[in-house]
Amino acid sequence: MTLQSVSLVIAGSGGAGVVTAGSLLLEAAANAGWYALMSRSSGPQIRGGEAAAMLRFATEPIMSHDDSYHLLMAIDWENITRFAAEIPLAADSLIVGDPAHGNAPAGLLSAKPRETGLPMSEIAGKIENGRPNMVALGAIAAMIGLPKEAMQTVVEKNLKRKGQGAIDASMEAFHAGVAAAADLPSIPKLPTASASAEERWSITGNEATGLGVIRGGVRFVAAYPITPATEILEWLAPSLAKVGGVLVQAEDELASINQIIGASYGGVPSMTATSGPGLSLMIESLGLAVAAEVPLVVVDVMRVGPSTGIATKSEQSDLNIAVYGLHGDAPHIVVAANSVSDCLFTTQWAVHLAEAMQTPALVLTDQALGQSRAVIPRPAELAFIGQRETAKTAVEGERYKRYAVTASGVSPMAIPGTPGLTHTADGLEHNEFGTPSSQSSDHQAQMEKRLRKITQFNYGDHWAEITDSDNGPGDIAIITWGSSTGPAREALQRFSDSGGRARLISVRLIAPVQPEKMAAALEGISRAMVVEQSHSGQFYRMLRAFYDLPKETLAMHQAGPLGFGPARILEQLNSWSA
Amino acid sequence: MEAVARKFKPKDFKSELKPIWCPGCGDYTVLNALTRALAELELPPEEVAVVSGIGCSSRIPAYTSVYGFHGVHGRALPVATGLKLARPELTVLVTGGDGDGFSIGGNHFLHACRRNVDITYIVMDNQVYGMTKGQASPTTAPDWEGSKLTPEGTGINPFQPLVVGLASGANFIARVSSSDPVNMAQIIVEAIRHPGFSLVQVLSPCVTFRPEQAEWRDIVRTAVVDFTGDAARAARRLMTDDGFNVGKVLYKGERPPFRPEHEPTDGSIAELEARFAL
């Protein structure tokens, strides 16, 4: 059944408290039994800049934002047109502004949405310590059908530190907003959720990534702050300490990656998190981890590039550097999370893969996943725990071969402290003992084993998430990855609801490639579209290089922060099935 | 049964690999002094790790019988930092040259001193890039014209590693000469024993690209004063000496080493997850 949902944006200048308002609303909606997704967009300013909280609510789990918003609640109009492209409005959308700040800028009105006023500052002004954002929240709650009690609980919890006075002022403003909403035009209301037995979580992609790291067994993290990855580190610092781990703030990304190489060489599963510019700095040492066979996980929360790009906005454009950035032939693992909750699965899996194969695993997420908060069903427990094959005892009369050429390609690793197995791990090409070697035969043997260990590994079904429409796959495929999966999934559902048939293939294991599995997934498919958020179509080009795609394959790629919404993908599906 | 303390000889710390260094290279003596120091400390080889980057002197780990890590150029200090913080019970040493440590790895040098993790950094300073066949390094005099890359000299004042190390927070500072391995071994023993970040500069001549450094053995003199714990006095001394006062510890600080706090027990992940539950 098509998702019944309501979408809205709260926008305003710095200090208007739009992200706070959005967070309170999300928490209240969660209390009321709804599912929710909140993304945020902000200007370049560190503090005091304009911001927008984009929210969607439904009575079922949500994978994506909708194609347009039912409501834009503008606490003021400060620089709001900067977000115009990111907050699509339709003719039945409603813009609610504060008359004290004048009319909506023309840049928002191209779709001729409905407009009305709500004197938020005037109403708030009549309440001691009343704030316009709480008036806005009251109006929103009334308009979308959110029970007042749900908000009461949230406000009490969040403002407890500020005292009863602050709680009372906020709730008075909230109730004034509820009352004022009676005069406003209507937008879709959601039904009250029936009590669900299912346990739900409220979590961001960055938090989920951090949890995946800990669940996988990582106990050492070194990192340098960078937007939009910093929240992973801020979550991990106190959390790691609780499970006996350590987080070190390094002097730069060169230090981060090398500190985790050192810690992992010492036997402790390790990771770092960064974004594009930091990943660029780490690349040389990722090659070292490949050559010296040191397991580690590097999370790249992608943002708009190249260079500093747009630090606060999302793009899927680090695929090339993640796959091809290392010099020499350097086989390694690249995986990508396809939703907020999948950040947990994929990161935990990555720790498992890195440890099992003694090689670096890169995890690609992006700003859209990392900085979005979602109310989701409780993620499943996963069996992926980093387990490294170690060498424990010396064999009498035999010198330990750190890089022994084995059938699996994995060589049991001696951890410092183990008697009789001392050796030097080396980024120089080496023989089986680790002794530097410039002989072609040693290079060949070591290259083959390093490749073999990642190509022979059994990745199971996790290489991709494959979803068919209700009536089976038909002959159309949507091939996508990462945060583009959400809109594609919703498009597939809508297509399915109208009787269409298609298959969604969201690739989680970017490298090493899985041509046989892809061939099986594409059996019977005659047309495919490749959906991604990169200007040059990096994913499409990679697919073309390594996979046999249907003759009729359409590349749908676009630079961030915009992407293909469900409607655009659905339109293509419809045109093919017509 | 009580464990019997194992006794070690310097040769127990050497691997069977033959160094690729040029005959007469100062680094041979450093390898000898290092193995002698480890024997004196009676450290089991498996409880010691030597980490290096790239350069002639960075080849040392493979020539020892302890755990070694030979990484990329300039990044030995972060590797060692991660290793020591993850495995505090290991004795972690870093060996390398002036280019590796003070040029490409300069930022890590500053922050390793500042962070004061309990590791010992032995820098073999020969004022030249030997592995790439003779270019000026950060410690090369500005008027050295021996490189085709800078035929008129660099024109840049040399980097002062010990002064910078002191200002950045190194907890132990010494300068030794490769011409006196017995003294060097003693200083390395002290450096390892002293808590925090210990910096040992070794004047280690490059006989191939800086043959004039053969004279160092005659120029160096044993420093006349013993170490101070007063950073201001140490700074004055270091800033006024000519770089050839060797054989003594120059500074010993009392700053406690950086050791991140972590709770001793493996706490519950369920507790972390509970915070997300609605």
# chains A, B, ... in the order shown; residues from 1 in each chain; ligands from 1

$ residues_around --residues "Ala139 (chain A)" --least-positions-apart "2" --cutoff "9 Å" --atoms "only C-alpha atoms" --output "PyMOL selection string"
chain A and resi 118+134-137+141-144+174-182+184

$ residues_around --residues "region 165-175 of chain B" --least-positions-apart "5" --cutoff "7 Å" --atoms "only C-alpha atoms" --output "list in words"
Leu110, Cys113, Arg114, Asn116, Ala191, Gly196, Phe197, Ser198, Leu199, Val200, Gln201, Val202, Val246, Gly247, Lys248, Val249, Leu250, Tyr251, Lys252, Gly253, Glu254 and Arg255 of chain B

$ interface_residues --of "chain B" --to "chain A" --cutoff "8 Å" --atoms "only C-alpha atoms" --output "JSON, numbers by chain"
{"B": [45, 46, 47, 48, 49, 61, 62, 65, 66, 67, 68, 69, 70, 71, 72, 75, 76, 78, 79, 80, 81, 82, 83, 84, 85, 86, 87, 90, 107, 108, 111, 260, 261, 262, 263, 264, 265, 266, 267, 268, 269, 272, 273, 276, 277, 278]}

$ write_last_selection --atoms "N, CA and C atoms" --output "short mmCIF file (atom, residue, chain, number, x, y, z; two decimals), in the first residue's frame"
data_model
loop_
_atom_site.label_atom_id
_atom_site.label_comp_id
_atom_site.auth_asym_id
_atom_site.auth_seq_id
_atom_site.Cartn_x
_atom_site.Cartn_y
_atom_site.Cartn_z
N PRO B 45 62.33 -9.94 23.43
CA PRO B 45 62.15 -9.34 22.10
C PRO B 45 60.69 -9.18 21.70
N GLU B 46 59.84 -10.11 22.12
CA GLU B 46 58.44 -10.03 21.68
C GLU B 46 57.67 -8.92 22.38
N GLU B 47 58.28 -8.33 23.40
CA GLU B 47 57.59 -7.23 24.09
C GLU B 47 58.08 -5.85 23.66
N VAL B 48 58.88 -5.86 22.58
CA VAL B 48 59.41 -4.61 22.06
C VAL B 48 58.95 -4.46 20.61
N ALA B 49 58.62 -3.24 20.22
CA ALA B 49 58.31 -2.98 18.81
C ALA B 49 59.11 -1.77 18.34
N PRO B 61 64.12 -1.60 11.69
CA PRO B 61 63.27 -2.66 12.24
C PRO B 61 63.59 -4.05 11.69
N ALA B 62 63.81 -4.13 10.38
CA ALA B 62 64.06 -5.45 9.77
C ALA B 62 65.39 -6.05 10.24
N SER B 65 65.40 -8.27 15.93
CA SER B 65 64.61 -9.49 16.11
C SER B 65 63.34 -9.22 16.90
N VAL B 66 63.02 -7.93 17.10
CA VAL B 66 61.80 -7.60 17.84
C VAL B 66 60.65 -7.44 16.84
N TYR B 67 59.46 -7.10 17.31
CA TYR B 67 58.37 -6.82 16.37
C TYR B 67 58.69 -5.49 15.68
N GLY B 68 58.53 -5.48 14.35
CA GLY B 68 58.87 -4.27 13.60
C GLY B 68 57.74 -3.84 12.71
N PHE B 69 57.69 -2.55 12.45
CA PHE B 69 56.72 -2.04 11.47
C PHE B 69 57.41 -0.98 10.62
N HIS B 70 57.48 -1.25 9.33
CA HIS B 70 58.15 -0.36 8.38
C HIS B 70 57.09 0.24 7.47
N GLY B 71 56.69 1.47 7.78
CA GLY B 71 55.54 2.06 7.10
C GLY B 71 55.91 2.99 5.97
N VAL B 72 55.14 4.06 5.82
CA VAL B 72 55.40 5.01 4.73
C VAL B 72 56.21 6.20 5.25
N ARG B 75 55.57 8.87 8.61
CA ARG B 75 54.42 8.56 9.47
C ARG B 75 54.75 7.57 10.59
N ALA B 76 56.01 7.39 10.91
CA ALA B 76 56.37 6.42 11.94
C ALA B 76 55.79 6.82 13.30
N PRO B 78 53.01 8.53 14.22
CA PRO B 78 51.61 8.14 14.46
C PRO B 78 51.40 6.63 14.56
N VAL B 79 52.12 5.85 13.77
CA VAL B 79 51.98 4.39 13.88
C VAL B 79 52.36 3.96 15.30
N ALA B 80 53.48 4.49 15.78
CA ALA B 80 53.95 4.14 17.12
C ALA B 80 52.98 4.62 18.19
N THR B 81 52.42 5.80 17.98
CA THR B 81 51.45 6.35 18.94
C THR B 81 50.24 5.42 19.06
N GLY B 82 49.70 5.01 17.92
CA GLY B 82 48.55 4.11 17.93
C GLY B 82 48.89 2.79 18.58
N LEU B 83 50.06 2.27 18.26
CA LEU B 83 50.46 0.97 18.82
C LEU B 83 50.60 1.06 20.34
N LYS B 84 51.26 2.11 20.81
CA LYS B 84 51.50 2.23 22.26
C LYS B 84 50.18 2.47 23.01
N LEU B 85 49.28 3.27 22.42
CA LEU B 85 48.02 3.55 23.12
C LEU B 85 47.13 2.31 23.15
N ALA B 86 47.23 1.51 22.08
CA ALA B 86 46.42 0.29 22.03
C ALA B 86 47.02 -0.81 22.89
N ARG B 87 48.36 -0.81 23.01
CA ARG B 87 49.06 -1.88 23.72
C ARG B 87 50.08 -1.26 24.69
N LEU B 90 53.62 -2.76 25.81
CA LEU B 90 54.76 -2.94 24.92
C LEU B 90 55.74 -1.78 25.07
N ASN B 107 54.90 17.64 11.15
CA ASN B 107 53.72 17.90 11.99
C ASN B 107 53.56 16.83 13.07
N HIS B 108 53.85 15.57 12.68
CA HIS B 108 53.71 14.49 13.67
C HIS B 108 54.76 14.65 14.77
N HIS B 111 53.51 17.13 17.29
CA HIS B 111 52.39 16.63 18.11
C HIS B 111 52.76 15.41 18.93
N PRO B 260 45.13 7.72 27.48
CA PRO B 260 43.69 7.97 27.56
C PRO B 260 43.04 7.09 28.61
N GLU B 261 42.12 7.69 29.31
CA GLU B 261 41.40 6.94 30.34
C GLU B 261 40.43 5.99 29.68
N HIS B 262 40.43 4.78 30.07
CA HIS B 262 39.29 3.96 29.70
C HIS B 262 38.94 3.01 30.84
N GLU B 263 37.64 2.74 30.87
CA GLU B 263 37.16 1.94 31.98
C GLU B 263 37.68 0.52 31.84
N PRO B 264 38.11 -0.06 32.96
CA PRO B 264 38.78 -1.36 32.89
C PRO B 264 37.89 -2.50 32.41
N THR B 265 36.61 -2.39 32.66
CA THR B 265 35.75 -3.52 32.30
C THR B 265 35.17 -3.33 30.91
N ASP B 266 34.86 -4.45 30.28
CA ASP B 266 34.22 -4.39 28.98
C ASP B 266 32.73 -4.20 29.22
N GLY B 267 32.31 -2.95 29.18
CA GLY B 267 30.92 -2.61 29.50
C GLY B 267 29.94 -3.17 28.49
N SER B 268 28.71 -2.90 28.72
CA SER B 268 27.68 -3.53 27.92
C SER B 268 27.30 -2.68 26.72
N ILE B 269 27.27 -3.31 25.55
CA ILE B 269 26.84 -2.61 24.35
C ILE B 269 25.33 -2.36 24.42
N LEU B 272 24.53 0.97 25.57
CA LEU B 272 24.64 2.01 24.54
C LEU B 272 23.40 2.02 23.65
N GLU B 273 22.95 0.82 23.32
CA GLU B 273 21.81 0.70 22.41
C GLU B 273 20.52 1.20 23.07
N PHE B 276 19.04 4.57 22.32
CA PHE B 276 18.33 4.86 21.07
C PHE B 276 16.87 4.39 21.11
N ALA B 277 16.59 3.51 22.05
CA ALA B 277 15.25 2.91 22.09
C ALA B 277 14.22 3.95 22.52
N LEU B 278 13.05 3.88 21.90
CA LEU B 278 11.99 4.82 22.26
C LEU B 278 11.11 4.23 23.36
#

$ residues_around --residues "Leu522 (chain A)" --least-positions-apart "2" --cutoff "12 Å" --atoms "only C-alpha atoms" --output "PyMOL selection string"
chain A and resi 466+468+473-479+502-505+515-520+524-529+547-551+553

$ write_last_selection --atoms "C-alpha atoms" --output "CSV table (one decimal), in the first residue's frame"
chain,number,residue,atom,x,y,z
A,466,ILE,CA,17.5,-6.9,-4.0
A,468,ASP,CA,11.1,-7.0,-6.3
A,473,PRO,CA,10.6,-8.6,-10.8
A,474,GLY,CA,9.3,-8.1,-14.4
A,475,ASP,CA,12.0,-7.1,-16.9
A,476,ILE,CA,13.0,-3.7,-15.5
A,477,ALA,CA,15.8,-3.1,-13.0
A,478,ILE,CA,16.7,0.0,-11.0
A,479,ILE,CA,20.4,-0.3,-10.1
A,502,ALA,CA,10.4,-4.1,-11.5
A,503,ARG,CA,13.5,-5.2,-9.5
A,504,LEU,CA,15.6,-2.9,-7.3
A,505,ILE,CA,19.3,-3.8,-7.0
A,515,PRO,CA,29.9,-10.1,-11.8
A,516,GLU,CA,28.3,-13.5,-11.3
A,517,LYS,CA,25.9,-12.4,-8.6
A,518,MET,CA,25.0,-9.4,-10.7
A,519,ALA,CA,24.4,-11.6,-13.8
A,520,ALA,CA,22.1,-13.7,-11.7
A,524,GLY,CA,15.3,-11.8,-17.3
A,525,ILE,CA,15.9,-8.0,-17.1
A,526,SER,CA,15.9,-6.2,-20.5
A,527,ARG,CA,16.0,-2.6,-19.3
A,528,ALA,CA,17.8,-1.0,-16.5
A,529,MET,CA,18.2,2.5,-15.1
A,547,TYR,CA,29.2,-5.9,-15.3
A,548,ASP,CA,27.2,-7.0,-18.3
A,549,LEU,CA,24.3,-4.6,-18.3
A,550,PRO,CA,21.1,-4.8,-20.4
A,551,LYS,CA,21.4,-3.3,-23.8
A,553,THR,CA,20.5,0.9,-19.8

$ atom_distance --atom1 "CA of Gly138 (chain A)" --atom2 "CA of Gln152 (chain A)"
10.7 Å

$ select_by_dssp --residues "region 397-513 of chain A" --states "alpha helix (DSSP H)" --output "PyMOL selection string"
chain A and resi 440-455+485-497
